[in-house]
Structures are given as C-alpha cells and as structure tokens.
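Colleague: What follows is the file run-v9.pdb, containing PDB, C-alpha atoms, pLDDT in the B column:
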```pdb
MODEL        1
ATOM      1  CA  MET A 641    -104.514 -35.805  58.525  1.00 80.00           C
ATOM      2  CA  LYS A 642    -101.863 -36.595  55.883  1.00 89.00           C
ATOM      3  CA  ARG A 643     -99.212 -36.836  58.612  1.00 87.00           C
ATOM      4  CA  LYS A 644    -101.416 -39.154  60.677  1.00 89.00           C
ATOM      5  CA  LEU A 645    -102.011 -41.426  57.670  1.00 92.00           C
ATOM      6  CA  THR A 646     -98.266 -41.504  56.974  1.00 95.00           C
ATOM      7  CA  TYR A 647     -97.534 -42.582  60.555  1.00 95.00           C
ATOM      8  CA  VAL A 648    -100.325 -45.163  60.452  1.00 94.00           C
ATOM      9  CA  PHE A 649     -98.944 -46.545  57.179  1.00 95.00           C
ATOM     10  CA  ILE A 650     -95.422 -46.770  58.622  1.00 95.00           C
ATOM     11  CA  GLY A 651     -96.823 -48.419  61.766  1.00 96.00           C
ATOM     12  CA  ILE A 652     -98.673 -51.030  59.717  1.00 97.00           C
ATOM     13  CA  ILE A 653     -95.542 -51.756  57.642  1.00 96.00           C
ATOM     14  CA  VAL A 654     -93.332 -52.138  60.733  1.00 96.00           C
ATOM     15  CA  CYS A 655     -95.816 -54.343  62.619  1.00 97.00           C
ATOM     16  CA  SER A 656     -96.570 -56.454  59.538  1.00 96.00           C
ATOM     17  CA  THR A 657     -92.840 -56.933  58.930  1.00 95.00           C
ATOM     18  CA  ILE A 658     -92.396 -58.251  62.476  1.00 95.00           C
ATOM     19  CA  GLY A 659     -95.403 -60.487  61.884  1.00 94.00           C
ATOM     20  CA  PHE A 660     -93.964 -61.789  58.629  1.00 94.00           C
ATOM     21  CA  LEU A 661     -90.567 -62.500  60.204  1.00 92.00           C
ATOM     22  CA  SER A 662     -92.293 -64.278  63.096  1.00 92.00           C
ATOM     23  CA  SER A 663     -94.275 -66.401  60.655  1.00 91.00           C
ATOM     24  CA  VAL A 664     -91.051 -67.500  58.928  1.00 89.00           C
ATOM     25  CA  VAL A 665     -89.741 -68.841  62.251  1.00 87.00           C
ATOM     26  CA  THR A 666     -93.128 -70.348  63.079  1.00 90.00           C
ATOM     27  CA  GLN A 667     -93.406 -72.230  59.782  1.00 87.00           C
ATOM     28  CA  SER A 668     -90.148 -74.029  60.504  1.00 82.00           C
ATOM     29  CA  SER A 669     -91.803 -75.950  63.353  1.00 89.00           C
ATOM     30  CA  VAL A 670     -95.567 -75.686  63.056  1.00 86.00           C
ATOM     31  CA  ASN A 671     -95.936 -78.651  60.701  1.00 86.00           C
ATOM     32  CA  ASP A 672     -93.618 -81.012  62.556  1.00 91.00           C
ATOM     33  CA  TRP A 673     -92.571 -80.293  66.169  1.00 94.00           C
ATOM     34  CA  TYR A 674     -95.734 -78.370  67.097  1.00 95.00           C
ATOM     35  CA  MET A 675     -97.925 -81.180  65.733  1.00 93.00           C
ATOM     36  CA  THR A 676     -96.316 -83.652  68.140  1.00 96.00           C
ATOM     37  CA  LEU A 677     -97.111 -81.601  71.258  1.00 97.00           C
ATOM     38  CA  ASN A 678     -99.945 -82.386  73.609  1.00 98.00           C
ATOM     39  CA  LYS A 679    -102.350 -79.454  73.479  1.00 97.00           C
ATOM     40  CA  PRO A 680    -105.271 -78.383  75.655  1.00 98.00           C
ATOM     41  CA  SER A 681    -108.873 -78.757  74.545  1.00 97.00           C
ATOM     42  CA  PHE A 682    -109.128 -75.009  73.874  1.00 97.00           C
ATOM     43  CA  ASN A 683    -106.275 -75.041  71.327  1.00 97.00           C
ATOM     44  CA  PRO A 684    -107.686 -73.517  68.124  1.00 96.00           C
ATOM     45  CA  PRO A 685    -107.066 -75.079  64.713  1.00 94.00           C
ATOM     46  CA  ASN A 686    -103.767 -74.020  63.130  1.00 91.00           C
ATOM     47  CA  TRP A 687    -105.454 -72.185  60.246  1.00 92.00           C
ATOM     48  CA  ILE A 688    -106.931 -69.582  62.627  1.00 95.00           C
ATOM     49  CA  PHE A 689    -103.594 -68.112  63.739  1.00 94.00           C
ATOM     50  CA  ALA A 690    -102.518 -66.440  60.471  1.00 93.00           C
ATOM     51  CA  PRO A 691    -105.726 -64.434  59.879  1.00 96.00           C
ATOM     52  CA  VAL A 692    -106.011 -63.430  63.548  1.00 97.00           C
ATOM     53  CA  TRP A 693    -102.399 -62.262  63.704  1.00 96.00           C
ATOM     54  CA  SER A 694    -102.734 -60.444  60.367  1.00 96.00           C
ATOM     55  CA  VAL A 695    -105.664 -58.406  61.676  1.00 98.00           C
ATOM     56  CA  LEU A 696    -103.909 -57.797  65.001  1.00 98.00           C
ATOM     57  CA  TYR A 697    -100.710 -56.547  63.329  1.00 98.00           C
ATOM     58  CA  VAL A 698    -102.726 -54.099  61.209  1.00 98.00           C
ATOM     59  CA  MET A 699    -104.610 -52.876  64.299  1.00 98.00           C
ATOM     60  CA  MET A 700    -101.307 -52.517  66.164  1.00 98.00           C
ATOM     61  CA  GLY A 701     -99.913 -50.500  63.260  1.00 98.00           C
ATOM     62  CA  VAL A 702    -102.917 -48.185  63.206  1.00 98.00           C
ATOM     63  CA  SER A 703    -102.679 -47.816  66.978  1.00 98.00           C
ATOM     64  CA  VAL A 704     -98.993 -46.925  67.041  1.00 98.00           C
ATOM     65  CA  GLY A 705     -99.374 -44.587  64.074  1.00 97.00           C
ATOM     66  CA  TRP A 706    -102.271 -42.800  65.750  1.00 96.00           C
ATOM     67  CA  VAL A 707    -100.195 -42.228  68.885  1.00 97.00           C
ATOM     68  CA  TRP A 708     -97.013 -41.337  66.994  1.00 96.00           C
ATOM     69  CA  ALA A 709     -98.902 -38.679  65.013  1.00 94.00           C
ATOM     70  CA  LYS A 710     -99.492 -36.776  68.272  1.00 93.00           C
ATOM     71  CA  GLY A 711     -95.834 -35.735  68.142  1.00 90.00           C
ATOM     72  CA  PHE A 712     -92.676 -37.536  69.188  1.00 82.00           C
ATOM     73  CA  HIS A 713     -91.587 -34.419  71.100  1.00 86.00           C
ATOM     74  CA  HIS A 714     -94.246 -35.111  73.743  1.00 88.00           C
ATOM     75  CA  LYS A 715     -92.842 -37.209  76.616  1.00 93.00           C
ATOM     76  CA  TRP A 716     -96.003 -39.346  76.939  1.00 93.00           C
ATOM     77  CA  VAL A 717     -95.866 -40.170  73.240  1.00 95.00           C
ATOM     78  CA  LYS A 718     -92.195 -41.147  73.555  1.00 96.00           C
ATOM     79  CA  THR A 719     -92.926 -43.257  76.628  1.00 97.00           C
ATOM     80  CA  GLY A 720     -95.780 -45.036  74.863  1.00 97.00           C
ATOM     81  CA  LEU A 721     -93.748 -45.629  71.731  1.00 97.00           C
ATOM     82  CA  TYR A 722     -90.789 -47.003  73.682  1.00 97.00           C
ATOM     83  CA  HIS A 723     -93.103 -49.423  75.450  1.00 98.00           C
ATOM     84  CA  PHE A 724     -94.707 -50.343  72.129  1.00 98.00           C
ATOM     85  CA  GLY A 725     -91.320 -51.035  70.552  1.00 97.00           C
ATOM     86  CA  PHE A 726     -90.263 -53.191  73.471  1.00 98.00           C
ATOM     87  CA  GLN A 727     -93.458 -55.247  73.403  1.00 98.00           C
ATOM     88  CA  LEU A 728     -93.059 -55.674  69.636  1.00 98.00           C
ATOM     89  CA  LEU A 729     -89.553 -57.066  70.188  1.00 97.00           C
ATOM     90  CA  LEU A 730     -90.910 -59.446  72.840  1.00 98.00           C
ATOM     91  CA  ASN A 731     -93.640 -60.475  70.408  1.00 98.00           C
ATOM     92  CA  GLY A 732     -91.052 -61.469  67.802  1.00 96.00           C
ATOM     93  CA  LEU A 733     -88.782 -63.064  70.399  1.00 97.00           C
ATOM     94  CA  TRP A 734     -91.628 -65.289  71.588  1.00 97.00           C
ATOM     95  CA  SER A 735     -91.906 -66.904  68.134  1.00 96.00           C
ATOM     96  CA  ILE A 736     -88.163 -67.471  67.988  1.00 96.00           C
ATOM     97  CA  VAL A 737     -88.069 -69.119  71.429  1.00 97.00           C
ATOM     98  CA  PHE A 738     -91.301 -71.126  71.169  1.00 97.00           C
ATOM     99  CA  PHE A 739     -91.095 -72.321  67.569  1.00 96.00           C
ATOM    100  CA  GLY A 740     -87.468 -71.743  66.598  1.00 94.00           C
ATOM    101  CA  LEU A 741     -85.788 -72.988  69.775  1.00 96.00           C
ATOM    102  CA  LYS A 742     -88.730 -75.237  70.771  1.00 96.00           C
ATOM    103  CA  GLN A 743     -88.653 -74.005  74.372  1.00 98.00           C
ATOM    104  CA  PRO A 744     -92.242 -73.565  75.673  1.00 98.00           C
ATOM    105  CA  PHE A 745     -91.110 -72.731  79.237  1.00 98.00           C
ATOM    106  CA  TYR A 746     -88.827 -69.883  78.198  1.00 98.00           C
ATOM    107  CA  ALA A 747     -91.459 -68.728  75.723  1.00 98.00           C
ATOM    108  CA  LEU A 748     -93.923 -68.629  78.628  1.00 98.00           C
ATOM    109  CA  LEU A 749     -91.619 -66.290  80.538  1.00 98.00           C
ATOM    110  CA  ILE A 750     -91.354 -64.081  77.457  1.00 98.00           C
ATOM    111  CA  ILE A 751     -95.096 -63.965  76.837  1.00 98.00           C
ATOM    112  CA  ILE A 752     -95.723 -63.025  80.473  1.00 98.00           C
ATOM    113  CA  ALA A 753     -93.234 -60.166  80.072  1.00 98.00           C
ATOM    114  CA  LEU A 754     -94.950 -59.279  76.776  1.00 98.00           C
ATOM    115  CA  LEU A 755     -98.325 -59.106  78.493  1.00 98.00           C
ATOM    116  CA  ILE A 756     -96.976 -56.844  81.239  1.00 98.00           C
ATOM    117  CA  VAL A 757     -95.288 -54.470  78.782  1.00 98.00           C
ATOM    118  CA  LEU A 758     -98.376 -54.536  76.563  1.00 98.00           C
ATOM    119  CA  ILE A 759    -100.600 -53.469  79.460  1.00 98.00           C
ATOM    120  CA  LEU A 760     -98.150 -50.658  80.233  1.00 98.00           C
ATOM    121  CA  THR A 761     -98.230 -49.692  76.545  1.00 98.00           C
ATOM    122  CA  PHE A 762    -102.027 -49.537  76.713  1.00 98.00           C
ATOM    123  CA  LYS A 763    -101.769 -47.317  79.796  1.00 98.00           C
ATOM    124  CA  TRP A 764     -99.405 -44.852  78.090  1.00 97.00           C
ATOM    125  CA  PHE A 765    -101.308 -44.919  74.807  1.00 98.00           C
ATOM    126  CA  ARG A 766    -104.534 -44.110  76.670  1.00 97.00           C
ATOM    127  CA  VAL A 767    -102.896 -40.957  78.054  1.00 96.00           C
ATOM    128  CA  VAL A 768    -102.086 -39.833  74.504  1.00 96.00           C
ATOM    129  CA  SER A 769    -104.983 -41.246  72.441  1.00 96.00           C
ATOM    130  CA  LYS A 770    -107.954 -43.285  73.609  1.00 97.00           C
ATOM    131  CA  ILE A 771    -108.462 -44.551  70.039  1.00 96.00           C
ATOM    132  CA  GLY A 772    -104.833 -45.654  69.860  1.00 97.00           C
ATOM    133  CA  ALA A 773    -105.189 -47.456  73.184  1.00 98.00           C
ATOM    134  CA  TYR A 774    -108.526 -49.118  72.429  1.00 98.00           C
ATOM    135  CA  LEU A 775    -107.158 -50.518  69.175  1.00 98.00           C
ATOM    136  CA  LEU A 776    -104.797 -52.601  71.341  1.00 98.00           C
ATOM    137  CA  ILE A 777    -107.603 -54.319  73.296  1.00 98.00           C
ATOM    138  CA  PRO A 778    -108.061 -57.252  70.848  1.00 98.00           C
ATOM    139  CA  TYR A 779    -104.284 -57.765  70.894  1.00 98.00           C
ATOM    140  CA  ILE A 780    -104.217 -57.746  74.705  1.00 98.00           C
ATOM    141  CA  LEU A 781    -107.054 -60.277  74.817  1.00 98.00           C
ATOM    142  CA  TRP A 782    -105.318 -62.507  72.259  1.00 98.00           C
ATOM    143  CA  VAL A 783    -102.038 -62.363  74.201  1.00 98.00           C
ATOM    144  CA  CYS A 784    -103.949 -63.319  77.374  1.00 98.00           C
ATOM    145  CA  PHE A 785    -105.362 -66.312  75.500  1.00 98.00           C
ATOM    146  CA  ALA A 786    -101.936 -67.140  74.032  1.00 98.00           C
ATOM    147  CA  THR A 787    -100.397 -66.972  77.519  1.00 98.00           C
ATOM    148  CA  ALA A 788    -102.914 -69.506  78.824  1.00 98.00           C
ATOM    149  CA  LEU A 789    -102.328 -71.692  75.770  1.00 98.00           C
ATOM    150  CA  ASN A 790     -98.545 -71.468  76.154  1.00 98.00           C
ATOM    151  CA  PHE A 791     -98.842 -72.375  79.845  1.00 98.00           C
ATOM    152  CA  LYS A 792    -101.012 -75.429  79.137  1.00 98.00           C
ATOM    153  CA  ILE A 793     -98.733 -76.618  76.327  1.00 98.00           C
ATOM    154  CA  TRP A 794     -95.739 -76.340  78.642  1.00 98.00           C
ATOM    155  CA  GLU A 795     -97.653 -78.095  81.438  1.00 98.00           C
ATOM    156  CA  LEU A 796     -98.827 -80.942  79.187  1.00 98.00           C
ATOM    157  CA  ASN A 797     -95.412 -81.558  77.684  1.00 97.00           C
TER     158      ASN A 797
ENDMDL
END
```
Take the structure in this file and express it as structure tokens.
Modeller:
Amino acid sequence: MKRKLTYVFIGIIVCSTIGFLSSVVTQSSVNDWYMTLNKPSFNPPNWIFAPVWSVLYVMMGVSVGWVWAKGFHHKWVKTGLYHFGFQLLLNGLWSIVFFGLKQPFYALLIIIALLIVLILTFKWFRVVSKIGAYLLIPYILWVCFATALNFKIWELN
C-alpha cells in the first residue's frame, strides 16, 4: 500500500505540474484574445475551468499512480503508461497552441489526437486496473466537451 500511495503521489505531482504549466500559457491569452472570440452558447463561464481541471489533474494522477503501482515490468502497465505520457504531452501542447499561439484550428487537430490517445490509454489502463481506468472517465468526458467547444470556436471565428 505504501508503494501504491507513493506512485499516486508522484502521479498527482506530475499531472498537477503539467496543469500548472498549461495554466501559465492559458493566462497569457484568456483575459484578452480569448475574450474577443465568438463562442457557442454552451461555452461555460471562465471561472469554471480552473476548478474542473484541478480535480481532473488529481484524478489523472491517482489513475496513473494506481496503474504504475502494478509494476512497470509488466508490458500492459508499460503500454498504458506510455499512452498516458503521450496524452499528457498532447494535453499540455493543446494549451500552448490554442492560447499561446492563438491557433484554434491546429489546437482542434491536437485535441482530436488527445481524445484518441486518451481512449487508448483508458483501454490499456482497464486491462491493468479497472479503478485506474474508471478514474479517467470524467477526463474523457471533459475532453469530449472541450473538443466540441474547440470545434465551435474555430467554426465561429
């Protein structure tokens, strides 16, 4: 149990760090460029994003730690963790492209890739740990919503 908690703690730190770095890029544009964009009717208020992402990054950290604790020597664990790492990089890249570079179309391509890799991550995590996989479901749903939002923002602008 101590090993599992250690991996969960490391997972939360890594995911939260990516979240923090993404928020730094986001803040550079959210109060100026993003405000000028046409947005769909289902666009949530800006204040909702930080708490939702904070919870999601913690859940992602618990999920990856739970899977990692099964043993990196196991090929399914490695496969799941590689997919998780790749989706986490895409997650951070999306913020850089959407908010940093102000490119909604290219961000849309990235978030579609993120969604695909995230679903594959869920698949591999489920092989190793159902709990680890199910902790990703809110994140998958949020990324589906964010993909639709990204598409509509690109379409409207």
Colleague: One number please: atom CA of A:Phe660 to atom CA of A:Ser694, in Å, one decimal.
Modeller: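 Atom CA of A:Ser694 lies 9.0 Å from atom CA of A:Phe660.
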Colleague: Nearest to A:Trp706 among A:Leu796, A:Val783, A:Leu776, A:Val665, with distances taken over all atoms listed in the file: which residue is it?
Modeller: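 Checking each of A:Leu796, A:Val783, A:Leu776, A:Val665 against A:Trp706, counting all atoms listed in the file, the winner is A:Leu776.
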Colleague: Can you tell me, as a list in words, what residues are no more than 8 Å from stretch 747-761 of chain A when counting all atoms listed in the file, ignoring any on the same chain fewer than 5 positions away?
Modeller: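 My list of contacting residues is Gly720, Leu721, His723, Phe724, Phe726, Gln727, Leu730, Asn731, Leu733, Trp734, Ser735, Val737, Phe738, Ile780, Val783, Cys784, Thr787, Asn790, Phe791 and Trp794 of chain A.
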Colleague: Just the number, please: distance in Å from atom CA of A:Trp708 to atom CA of A:Thr666, one decimal.
Modeller: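 Between atom CA of A:Trp708 and atom CA of A:Thr666 the gap works out to 29.5 Å.
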Colleague: Using all atoms listed in the file, which residues sit within 12 Å of A:Met699 once same-chain residues fewer than 6 positions away are excluded, as a ChimeraX atom specification?
Modeller: /A:648-649,651-656,692-693,705-706,771-780
Colleague: Counting only C-alpha atoms, figure out which residue out of A:Leu677, A:Ile688, A:Leu789, A:Leu729 gets nearest to A:Lys742.
Modeller: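 Selected residue with least distance to A:Lys742: A:Leu677.
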Colleague: Given the point (-94.7, -78.0, 70.7) in the coordinates of this file, which residues lie within 9 Å, counting all atoms listed in the file, and how would they look as a VMD selection string?
Modeller: chain A and resid 669 to 670 672 to 679 738 to 739 742 to 744 793 to 794 797
Colleague: What does the distance from atom CA of A:Gly740 to atom CA of A:Val698 come to in Å, to one decimal?
Modeller: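 Value for the atom CA of A:Gly740-atom CA of A:Val698 distance: 23.9 Å.
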Colleague: Do a neighbour search on A:Gly732 at 8 Å with only C-alpha atoms, toss out local chain neighbours closer than 6 positions, and write the hits as an MDAnalysis selection string.
Modeller: chainID A and resid 658:659 661:662
Colleague: With C-alpha atoms retained, write the just-selected residues as an mmCIF file, keeping the file's coordinate frame.
Modeller:
```cif
data_model
loop_
_atom_site.group_PDB
_atom_site.id
_atom_site.type_symbol
_atom_site.label_atom_id
_atom_site.label_comp_id
_atom_site.auth_asym_id
_atom_site.auth_seq_id
_atom_site.Cartn_x
_atom_site.Cartn_y
_atom_site.Cartn_z
ATOM 1 C CA ILE A 658 -92.396 -58.251 62.476
ATOM 2 C CA GLY A 659 -95.403 -60.487 61.884
ATOM 3 C CA LEU A 661 -90.567 -62.500 60.204
ATOM 4 C CA SER A 662 -92.293 -64.278 63.096
#
```
Colleague: Can you work out which one of A:Lys642, A:Trp687, A:Val704, A:Gly711 has the shortest atom-to-atom distance to A:Phe765, counting only C-alpha atoms?
Modeller: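 Nearest to A:Phe765: A:Val704.
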Colleague: Using all atoms listed in the file, which of A:Gln667, A:Ile736, A:Val717, A:Phe785 sits nearest A:Ala690?
Modeller: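 For A:Ala690, the nearest of the candidates is A:Gln667.
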Colleague: Box in all listed atoms of stretch 771-789 of chain A, axis-aligned, with 3 Å more on each side; write out centre and edge lengths in Å to one decimal as JSON.
Modeller:
```
{"center_x": -104.5, "center_y": -58.1, "center_z": 74.0, "size_x": 14.1, "size_y": 33.1, "size_z": 15.6}
```
